[in-house]
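Below is one structure, written out as structure tokens; comments come after it.
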Amino acid sequence: DKPGKYSGEKGEWRLWKARAVGWLVAVHPDFGRFLTAAESHQGDMNVPLSLQEMSSFLHTELLAWLTGTQLALVLRSLPLSGGVSNGFAAWRTLCEEEERMDPAAQWQSCRSYFIRSSRSQKEVGDKDG
């Protein structure tokens, strides 16, 4: 089943995202790795010609699924010149915004930082000893 509408209701992001990814992967198995890559991509995101159909499909689905401020985020990713929409860039923007606002994601990010920091300090300490 499609994931349904998403308006940014507090506490609903993780479940909605899981449903959206699951549905998209059912449509095309490669969506999983492309969505993951889009989420972590830094800088401009140029979609190769071979993925433009998937990108456009994703963008169209996001426009249908999202409401309110989340829809506004995706609409901001539309090219002003009327060119090809970039669904992967829109997905990244949505994920960045939602995970910035999600306390569970903030905790995970903070936890990861401290684990990395303690490993780095341990490595430094090992070199000194």
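Just so we're on the same page: first chain in the structure tokens is A, next is B, and so on; residues restart at 1 for each chain, and ligands are numbered from 1 in the order they show up.
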Excluding Trp23 in chain A and any residue of its chain fewer than 3 positions from it, enumerate the residues within 9 Å of it, using only C-alpha atoms, and give them as a list of chain:residue names.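 Near Trp23 in chain A, the qualifying residues are A:Asp1, A:Lys2, A:Pro3, A:Ala18, A:Arg19, A:Ala20, A:Ala26, A:Val27, A:His28.
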Could you pull the residues within 10 Å of range 60-64 of chain A, counting only C-alpha atoms, minus those fewer than 3 positions along the same chain, as an NGL selection string? :A and (2 or 4-6 or 20 or 24 or 54-57 or 67 or 70-72 or 74-75 or 85-87 or 90-91 or 94)
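Minimum atom-to-atom distance to Met45 in chain A, evaluated using only C-alpha atoms, belongs to A:Thr93 out of A:Gly8, A:Thr93, A:Lys17, A:Glu98.
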Distance in Å - CA of Leu35 in chain A versus CA of Glu12 in chain A: 19.0 Å
Interatomic distance (Å, one decimal) between CA of Leu73 in chain A and CA of Ala89 in chain A: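 Interatomic distance here is 10.6 Å.
If you look at CA of Leu66 in chain A and CA of Ser7 in chain A, they are 5.9 Å away from each other.
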Of A:Leu51, A:Arg14, A:Arg76, A:Asn46, the one sitting nearest Asp30 in chain A when using only C-alpha atoms is A:Leu51
Rank A:Pro48, A:Glu9, A:Arg92, A:Gly32 by their smallest atom-to-atom distance to Thr69 in chain A, using only C-alpha atoms, and report the top residue only. A:Glu9
Nearest to Phe34 in chain A by atom-to-atom distance, counting only C-alpha atoms, from A:Leu78, A:Glu96, A:Leu58, A:Leu49: A:Leu58
